[in-house]
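Shown below: my_file.tsv, with TSV, C-alpha atoms.
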chain	number	residue	atom	x	y	z
A	1	MET	CA	54.12	36.46	19.76
A	2	LYS	CA	52.86	33.58	17.67
A	3	HIS	CA	53.16	31.36	20.69
A	4	ILE	CA	51.09	33.78	22.73
A	5	LEU	CA	48.55	34.03	19.95
A	6	MET	CA	48.16	30.29	19.67
A	7	THR	CA	48.07	29.91	23.42
A	8	ALA	CA	45.30	32.48	23.68
A	9	SER	CA	43.41	30.81	20.89
A	10	ALA	CA	43.75	27.50	22.68
A	11	LEU	CA	42.49	29.19	25.82
A	12	VAL	CA	39.47	30.45	23.98
A	13	PHE	CA	38.86	26.99	22.71
A	14	LEU	CA	39.14	25.48	26.15
A	15	VAL	CA	36.79	28.06	27.58
A	16	THR	CA	34.21	27.33	24.98
A	17	ALA	CA	34.75	23.60	24.62
A	18	ASN	CA	31.63	21.97	25.95
A	19	VAL	CA	31.44	19.15	23.47
A	20	ALA	CA	32.73	15.65	23.57
A	21	PRO	CA	35.86	14.91	21.55
A	22	ALA	CA	35.06	14.38	17.93
A	23	SER	CA	35.41	10.81	16.76
A	24	ALA	CA	35.63	11.74	13.10
A	25	GLY	CA	35.39	14.77	10.94
A	26	ASN	CA	37.13	17.13	8.62
A	27	ARG	CA	39.74	19.60	9.76
A	28	ALA	CA	40.89	22.86	8.22
A	29	VAL	CA	43.90	24.83	9.46
A	30	VAL	CA	44.94	28.12	7.88
A	31	ASP	CA	48.09	30.01	8.88
A	32	GLN	CA	48.68	33.32	7.14
A	33	GLY	CA	50.96	36.28	7.62
A	34	GLY	CA	51.13	39.57	5.78
A	35	TYR	CA	48.79	42.23	4.57
A	36	CYS	CA	45.13	41.97	3.68
A	37	ASN	CA	44.97	38.24	3.42
A	38	GLY	CA	41.66	36.46	3.35
A	39	ALA	CA	40.72	33.05	4.64
A	40	VAL	CA	37.36	31.36	4.33
A	41	ALA	CA	36.57	27.99	5.83
A	42	ASP	CA	33.22	26.62	4.77
A	43	GLN	CA	32.37	23.36	6.44
A	44	HIS	CA	29.24	21.25	6.33
A	45	GLY	CA	28.56	18.12	8.30
A	46	LYS	CA	29.30	16.78	11.73
A	47	ARG	CA	32.28	17.22	13.99
A	48	ASN	CA	34.29	19.49	11.73
A	49	LYS	CA	37.09	21.60	13.12
A	50	SER	CA	38.66	24.79	11.90
A	51	PHE	CA	41.63	26.78	13.19
A	52	THR	CA	42.75	30.00	11.54
A	53	TYR	CA	45.80	32.08	12.47
A	54	GLN	CA	46.63	35.38	10.82
A	55	ARG	CA	49.38	37.90	11.47
A	56	GLY	CA	49.70	41.35	10.03
A	57	ARG	CA	46.99	43.83	9.30
A	58	CYS	CA	43.87	44.13	7.24
A	59	ASN	CA	43.39	40.39	7.34
A	60	MET	CA	40.01	38.75	7.15
A	61	ALA	CA	38.92	35.35	8.37
A	62	LYS	CA	35.49	33.83	7.92
A	63	THR	CA	34.36	30.45	9.15
A	64	PHE	CA	31.04	28.86	8.25
A	65	GLN	CA	29.95	25.69	9.96
A	66	TYR	CA	26.71	23.77	9.76
A	67	GLY	CA	25.85	20.69	11.74
A	68	ARG	CA	26.64	19.24	15.13
A	69	GLY	CA	29.79	19.25	17.18
A	70	ASN	CA	31.64	21.78	15.06
A	71	ARG	CA	34.17	24.11	16.57
A	72	ALA	CA	36.13	27.08	15.28
A	73	VAL	CA	39.05	29.07	16.63
A	74	THR	CA	40.52	32.18	15.06
A	75	GLY	CA	43.69	33.92	16.23
A	76	GLN	CA	44.74	37.23	14.78
A	77	LYS	CA	47.55	39.62	15.59
A	78	GLY	CA	47.90	43.05	14.13
A	79	TYR	CA	45.84	46.00	13.10
A	80	ARG	CA	42.35	46.18	11.69
A	81	ASN	CA	41.85	42.48	11.36
A	82	ASN	CA	38.40	41.00	11.07
A	83	SER	CA	37.13	37.61	12.16
A	84	GLU	CA	33.67	36.19	11.59
A	85	ILE	CA	32.31	32.83	12.68
A	86	TYR	CA	28.89	31.53	11.67
A	87	GLN	CA	27.59	28.33	13.20
A	88	GLN	CA	24.32	26.51	12.94
A	89	GLY	CA	23.35	23.38	14.82
A	90	LYS	CA	23.85	21.83	18.24
A	91	ARG	CA	26.81	22.01	20.57
A	92	ASN	CA	28.92	24.23	18.35
A	93	VAL	CA	31.67	26.30	19.90
A	94	ALA	CA	33.50	29.36	18.63
A	95	GLY	CA	36.46	31.45	19.68
A	96	HIS	CA	38.26	34.61	18.63
A	97	ALA	CA	41.59	35.80	20.01
A	98	GLN	CA	42.78	39.11	18.62
A	99	PHE	CA	45.82	41.15	19.58
A	100	GLY	CA	46.18	44.67	18.30
A	101	SER	CA	44.06	47.69	17.66
A	102	ARG	CA	40.79	48.21	15.87
A	103	ASN	CA	40.13	44.56	15.34
A	104	SER	CA	36.62	43.20	15.06
A	105	ALA	CA	35.10	39.85	15.86
A	106	TYR	CA	31.62	38.68	14.93
A	107	THR	CA	29.98	35.49	16.09
A	108	GLU	CA	26.63	34.15	14.98
A	109	GLN	CA	25.24	30.95	16.40
A	110	TYR	CA	21.92	29.16	16.05
A	111	GLY	CA	20.98	26.03	17.90
A	112	THR	CA	21.21	24.43	21.31
A	113	GLY	CA	24.13	24.51	23.68
A	114	ASN	CA	26.28	26.82	21.63
A	115	ALA	CA	29.00	28.83	23.30
A	116	ALA	CA	31.18	31.71	22.18
A	117	ALA	CA	34.23	33.43	23.56
A	118	THR	CA	36.09	36.45	22.33
A	119	ILE	CA	39.38	37.74	23.69
A	120	GLN	CA	40.63	41.06	22.39
A	121	ALA	CA	43.73	42.86	23.63
A	122	GLY	CA	44.31	46.32	22.31
A	123	ARG	CA	42.45	49.51	21.68
A	124	GLY	CA	39.25	50.22	19.85
A	125	ASN	CA	38.28	46.64	19.31
A	126	GLN	CA	34.74	45.58	18.56
A	127	ALA	CA	33.02	42.31	19.40
A	128	ASP	CA	29.53	41.35	18.33
A	129	THR	CA	27.83	38.13	19.28
A	130	TYR	CA	24.42	36.89	18.22
A	131	GLN	CA	23.06	33.67	19.67
A	132	SER	CA	19.70	32.02	19.26
A	133	GLY	CA	18.69	28.82	20.98
A	134	LYS	CA	18.85	27.27	24.42
A	135	GLY	CA	21.78	27.29	26.78
A	136	ASN	CA	23.78	29.87	24.91
A	137	MET	CA	26.74	31.41	26.64
A	138	SER	CA	28.96	34.28	25.66
A	139	ILE	CA	32.25	35.39	27.14
A	140	ILE	CA	33.90	38.58	25.97
A	141	ILE	CA	37.22	39.73	27.37
A	142	GLN	CA	38.54	43.03	26.15
A	143	GLY	CA	41.58	44.75	27.52
A	144	GLY	CA	43.53	47.76	26.37
A	145	TYR	CA	47.25	48.16	26.50
A	146	ASN	CA	49.78	50.71	25.39
B	1	MET	CA	-32.76	56.72	60.77
B	2	GLN	CA	-30.05	59.25	60.11
B	3	THR	CA	-26.68	57.93	59.06
B	4	PRO	CA	-23.93	58.99	61.40
B	5	LEU	CA	-21.48	61.42	59.76
B	6	TYR	CA	-18.46	59.29	60.61
B	7	ILE	CA	-19.73	56.54	58.32
B	8	LEU	CA	-18.95	58.57	55.20
B	9	PRO	CA	-15.23	59.17	55.82
B	10	ALA	CA	-14.92	55.58	57.00
B	11	ALA	CA	-16.40	54.39	53.72
B	12	LEU	CA	-14.05	56.65	51.77
B	13	LEU	CA	-11.10	55.24	53.68
B	14	LEU	CA	-12.18	51.72	52.85
B	15	VAL	CA	-12.54	52.55	49.16
B	16	ALA	CA	-9.18	54.29	49.14
B	17	ALA	CA	-7.58	51.37	50.94
B	18	ALA	CA	-8.99	48.96	48.40
B	19	VAL	CA	-7.00	50.56	45.58
B	20	PRO	CA	-3.55	49.68	46.87
B	21	LEU	CA	-4.84	46.28	47.93
B	22	VAL	CA	-5.88	45.57	44.36
B	23	GLY	CA	-2.56	46.88	43.17
B	24	GLN	CA	-0.70	44.61	45.51
B	25	LYS	CA	-2.70	41.66	44.29
B	26	MET	CA	-1.83	42.46	40.69
B	27	THR	CA	1.77	42.77	41.69
B	28	ALA	CA	1.56	39.43	43.41
B	29	GLN	CA	0.04	37.88	40.31
B	30	ALA	CA	2.78	39.37	38.19
B	31	ALA	CA	5.37	38.04	40.59
B	32	GLU	CA	4.18	34.50	39.93
B	33	ARG	CA	5.99	34.78	36.63
B	34	GLY	CA	8.93	37.02	36.41
B	35	CYS	CA	12.39	37.58	35.11
B	36	GLU	CA	15.57	39.25	36.17
B	37	VAL	CA	19.13	39.93	35.12
B	38	ARG	CA	21.44	38.61	37.79
B	39	ALA	CA	24.82	40.24	37.91
B	40	THR	CA	27.94	38.98	39.58
B	41	LYS	CA	30.92	41.27	39.77
B	42	THR	CA	34.15	39.70	38.66
B	43	ALA	CA	37.69	40.95	38.54
B	44	GLY	CA	37.52	43.67	35.94
B	45	GLY	CA	34.09	42.82	34.71
B	46	VAL	CA	30.69	41.39	35.30
B	47	SER	CA	28.90	38.13	34.69
B	48	LEU	CA	25.23	38.39	33.74
B	49	GLN	CA	22.55	35.75	33.85
B	50	ALA	CA	19.13	36.08	32.29
B	51	VAL	CA	16.66	34.26	34.52
B	52	ALA	CA	12.95	33.50	34.20
B	53	PHE	CA	10.94	32.11	37.09
B	54	SER	CA	7.39	30.97	37.57
B	55	ASP	CA	5.22	29.50	40.28
B	56	SER	CA	3.61	27.26	37.70
B	57	ALA	CA	4.99	25.46	34.70
B	58	GLY	CA	5.37	27.77	31.76
B	59	SER	CA	7.23	28.52	28.61
B	60	GLY	CA	7.97	31.39	26.33
B	61	GLU	CA	10.59	33.26	24.43
B	62	TYR	CA	13.27	35.62	25.58
B	63	GLU	CA	15.71	38.15	24.22
B	64	LEU	CA	18.72	39.52	26.03
B	65	THR	CA	20.86	42.32	24.70
B	66	VAL	CA	24.06	43.40	26.37
B	67	ASP	CA	25.99	46.43	25.22
B	68	LYS	CA	29.40	47.18	26.63
B	69	SER	CA	31.63	50.15	26.04
B	70	GLY	CA	34.93	51.31	27.39
B	71	GLY	CA	37.97	49.37	28.39
B	72	GLY	CA	39.68	47.69	25.50
B	73	GLY	CA	36.75	48.03	23.17
B	74	SER	CA	33.04	47.71	22.77
B	75	SER	CA	30.80	44.73	22.30
B	76	ASN	CA	27.21	43.94	21.50
B	77	THR	CA	25.69	40.65	22.50
B	78	SER	CA	22.25	39.42	21.57
B	79	GLN	CA	20.82	36.16	22.83
B	80	GLY	CA	17.38	34.71	22.45
B	81	GLY	CA	15.28	31.63	22.07
B	82	ASP	CA	12.62	29.45	23.62
B	83	PHE	CA	12.59	28.32	27.21
B	84	GLU	CA	10.60	26.25	29.67
B	85	VAL	CA	10.23	26.61	33.40
B	86	GLY	CA	8.98	23.94	35.74
B	87	SER	CA	6.39	24.61	38.39
B	88	GLY	CA	7.85	26.68	41.19
B	89	GLY	CA	11.16	26.85	39.49
B	90	GLU	CA	13.40	29.05	37.47
B	91	SER	CA	15.42	28.76	34.32
B	92	VAL	CA	18.73	30.36	33.47
B	93	LEU	CA	18.10	31.48	29.93
B	94	SER	CA	21.54	32.64	28.93
B	95	GLU	CA	24.82	33.96	30.26
B	96	VAL	CA	27.12	36.75	29.24
B	97	THR	CA	30.48	37.35	30.86
B	98	LEU	CA	32.34	40.56	30.18
B	99	SER	CA	35.82	41.47	31.29
B	100	GLY	CA	38.36	44.16	30.62
B	101	GLY	CA	36.75	47.20	32.16
B	102	GLY	CA	34.17	49.52	30.75
B	103	SER	CA	30.49	49.54	31.55
B	104	ALA	CA	27.68	47.28	30.43
B	105	VAL	CA	23.96	47.70	30.01
B	106	ALA	CA	21.65	44.72	29.66
B	107	GLU	CA	18.00	44.46	28.75
B	108	LEU	CA	15.97	41.29	29.08
B	109	THR	CA	12.54	40.76	27.58
B	110	VAL	CA	10.59	37.60	28.37
B	111	THR	CA	7.36	36.85	26.56
B	112	TRP	CA	5.34	34.11	28.19
B	113	SER	CA	3.25	31.74	26.15
B	114	GLY	CA	-0.38	32.56	26.68
B	115	GLY	CA	0.32	36.18	27.39
B	116	GLY	CA	2.39	38.32	29.63
B	117	THR	CA	5.66	40.08	29.20
B	118	CYS	CA	8.45	40.71	31.66
B	119	LYS	CA	11.27	43.18	31.27
B	120	ALA	CA	14.39	43.51	33.37
B	121	ARG	CA	17.50	45.62	33.12
B	122	TYR	CA	21.03	45.82	34.35
B	123	PRO	CA	21.86	48.07	36.01
B	124	ASP	CA	18.41	48.68	37.45
B	125	SER	CA	18.63	52.40	36.80
B	126	ALA	CA	19.58	51.96	33.15

Rewrite the structure from the file as structure tokens, please.
Amino acid sequence: MKHILMTASALVFLVTANVAPASAGNRAVVDQGGYCNGAVADQHGKRNKSFTYQRGRCNMAKTFQYGRGNRAVTGQKGYRNNSEIYQQGKRNVAGHAQFGSRNSAYTEQYGTGNAAATIQAGRGNQADTYQSGKGNMSIIIQGGYN
Amino acid sequence: MQTPLYILPAALLLVAAAVPLVGQKMTAQAAERGCEVRATKTAGGVSLQAVAFSDSAGSGEYELTVDKSGGGGSSNTSQGGDFEVGSGGESVLSEVTLSGGGSAVAELTVTWSGGGTCKARYPDSA
């Protein structure tokens, strides 16, 4: 399942990737499994990257990015997980991939050329996207399964 | 000289006809700047484009909200910002693609600089 989760997250990233490869920048990767874990990635500057993977339930992931060329990907599997991505600047990208029930994903982007994609598989999921600027694009894929 | 009786109904007809003519002109003026939500059906979903068009160069602000329910969950999308349109052209303001079943309702509001507002919906009957 982890493979599927990471693959889906990579897919989200590819869908949203509209920026040139970063030539330099910080990178934060968080991989958590269990119950009610929390992960916060707070990045400032240019060309930062952040990838967060969580398995279990009641997990929370928040990513804050300011600047240009940032990107964020969050993958979650389980029940009642929450993912939030806040981006400000130009050419940022964002992605959520959630598998399970009653998960929620929130994306907030300000700037030019931002893009966001959310993939949720399960029941009762919620996705909210707020974008301000030019050329914004949002893709939301939600599918239920038993 | 006595005015023929047929002149009166003829004059009334002309006055009555002038009303829709004026209305059409206003519609034509409004059509010089407009907006719409273009929808393209996809497998299991819909792709929406917020579009503003103008016969003359213009600019303004827009806000698009898309609410989806059903399928694997619900989603709310809000997009907005400034835009510019060249003379006789159009501008795709934003895009929202939804998949996974359910139904979506979109509302677009375009406020032109210098005055004028355009509203569009998807579906049209929403």

Around (45.5, 45.4, 22.7) in the file's own coordinates, what residues are found within 9 Å if you use all atoms listed in the file, given back as a PDB file with C-alpha atoms, in the coordinates of the input?
ATOM      1  CA  GLN A  98      42.780  39.110  18.620  1.00  0.00           C
ATOM      2  CA  PHE A  99      45.820  41.150  19.580  1.00  0.00           C
ATOM      3  CA  GLY A 100      46.180  44.670  18.300  1.00  0.00           C
ATOM      4  CA  SER A 101      44.060  47.690  17.660  1.00  0.00           C
ATOM      5  CA  ARG A 102      40.790  48.210  15.870  1.00  0.00           C
ATOM      6  CA  GLN A 120      40.630  41.060  22.390  1.00  0.00           C
ATOM      7  CA  ALA A 121      43.730  42.860  23.630  1.00  0.00           C
ATOM      8  CA  GLY A 122      44.310  46.320  22.310  1.00  0.00           C
ATOM      9  CA  ARG A 123      42.450  49.510  21.680  1.00  0.00           C
ATOM     10  CA  GLY A 124      39.250  50.220  19.850  1.00  0.00           C
ATOM     11  CA  ASN A 125      38.280  46.640  19.310  1.00  0.00           C
ATOM     12  CA  GLN A 142      38.540  43.030  26.150  1.00  0.00           C
ATOM     13  CA  GLY A 143      41.580  44.750  27.520  1.00  0.00           C
ATOM     14  CA  GLY A 144      43.530  47.760  26.370  1.00  0.00           C
ATOM     15  CA  TYR A 145      47.250  48.160  26.500  1.00  0.00           C
ATOM     16  CA  ASN A 146      49.780  50.710  25.390  1.00  0.00           C
TER      17      ASN A 146
ATOM     18  CA  GLY B  72      39.680  47.690  25.500  1.00  0.00           C
TER      19      GLY B  72
END

* Pull out every residue of chain B sitting within 8 Å of chain A, counting only C-alpha atoms, and send them as a count of residues only. => 23

* Asked: Which distance in Å separates atom CA of A:Gln88 and atom CA of A:Asn37, to one decimal?
  -> 25.6 Å

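Considering the residues B:Arg38, B:Gln49, B:Ser56, B:Gly88 and counting all atoms listed in the file, B:Asp124 has its shortest atom-to-atom contact with B:Arg38.
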
* Point-to-point distance from atom CA of A:Val29 to atom CA of A:Lys49, Å rounded to tenths ->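 Between atom CA of A:Val29 and atom CA of A:Lys49 the gap is 8.4 Å.
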
* Separation of atom CA of B:Ser91 and atom CA of A:Val73, in Å? -> 29.5 Å

* Nearest-residue call for A:His44, choices A:Arg71, A:Glu84, A:Phe64, A:His96, using all atoms listed in the file ->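 Nearest candidate to A:His44 out of A:Arg71, A:Glu84, A:Phe64, A:His96: A:Phe64.
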
* Asked: Near A:Cys36, within 12 Å and counting only C-alpha atoms, which residues show up once chain neighbours fewer than 6 positions away are dropped, as a list in words?
  ->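 That gives Gln54, Arg55, Gly56, Arg57, Cys58, Asn59, Met60, Ala61, Gly78, Tyr79, Arg80, Asn81 and Asn82 of chain A.
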
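The nearest approach to B:Val66 among the residues B:Cys35, B:Cys118, B:Leu48, B:Ala43, with only C-alpha atoms taken into account, belongs to B:Leu48.
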
* Would you mind listing what lies within 12 Å of A:Tyr66 as a PyMOL selection string, with only C-alpha atoms counted and same-chain residues fewer than 3 positions away left out? => chain A and resi 41-49+63+69-72+85-93+108-111

Written file, previous selection with C-alpha atoms, as an mmCIF file, in the frame of the given file:
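Saved as out.cif:
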data_model
loop_
_atom_site.group_PDB
_atom_site.id
_atom_site.type_symbol
_atom_site.label_atom_id
_atom_site.label_comp_id
_atom_site.auth_asym_id
_atom_site.auth_seq_id
_atom_site.Cartn_x
_atom_site.Cartn_y
_atom_site.Cartn_z
ATOM 1 C CA ALA A 41 36.570 27.990 5.830
ATOM 2 C CA ASP A 42 33.220 26.620 4.770
ATOM 3 C CA GLN A 43 32.370 23.360 6.440
ATOM 4 C CA HIS A 44 29.240 21.250 6.330
ATOM 5 C CA GLY A 45 28.560 18.120 8.300
ATOM 6 C CA LYS A 46 29.300 16.780 11.730
ATOM 7 C CA ARG A 47 32.280 17.220 13.990
ATOM 8 C CA ASN A 48 34.290 19.490 11.730
ATOM 9 C CA LYS A 49 37.090 21.600 13.120
ATOM 10 C CA THR A 63 34.360 30.450 9.150
ATOM 11 C CA GLY A 69 29.790 19.250 17.180
ATOM 12 C CA ASN A 70 31.640 21.780 15.060
ATOM 13 C CA ARG A 71 34.170 24.110 16.570
ATOM 14 C CA ALA A 72 36.130 27.080 15.280
ATOM 15 C CA ILE A 85 32.310 32.830 12.680
ATOM 16 C CA TYR A 86 28.890 31.530 11.670
ATOM 17 C CA GLN A 87 27.590 28.330 13.200
ATOM 18 C CA GLN A 88 24.320 26.510 12.940
ATOM 19 C CA GLY A 89 23.350 23.380 14.820
ATOM 20 C CA LYS A 90 23.850 21.830 18.240
ATOM 21 C CA ARG A 91 26.810 22.010 20.570
ATOM 22 C CA ASN A 92 28.920 24.230 18.350
ATOM 23 C CA VAL A 93 31.670 26.300 19.900
ATOM 24 C CA GLU A 108 26.630 34.150 14.980
ATOM 25 C CA GLN A 109 25.240 30.950 16.400
ATOM 26 C CA TYR A 110 21.920 29.160 16.050
ATOM 27 C CA GLY A 111 20.980 26.030 17.900
#
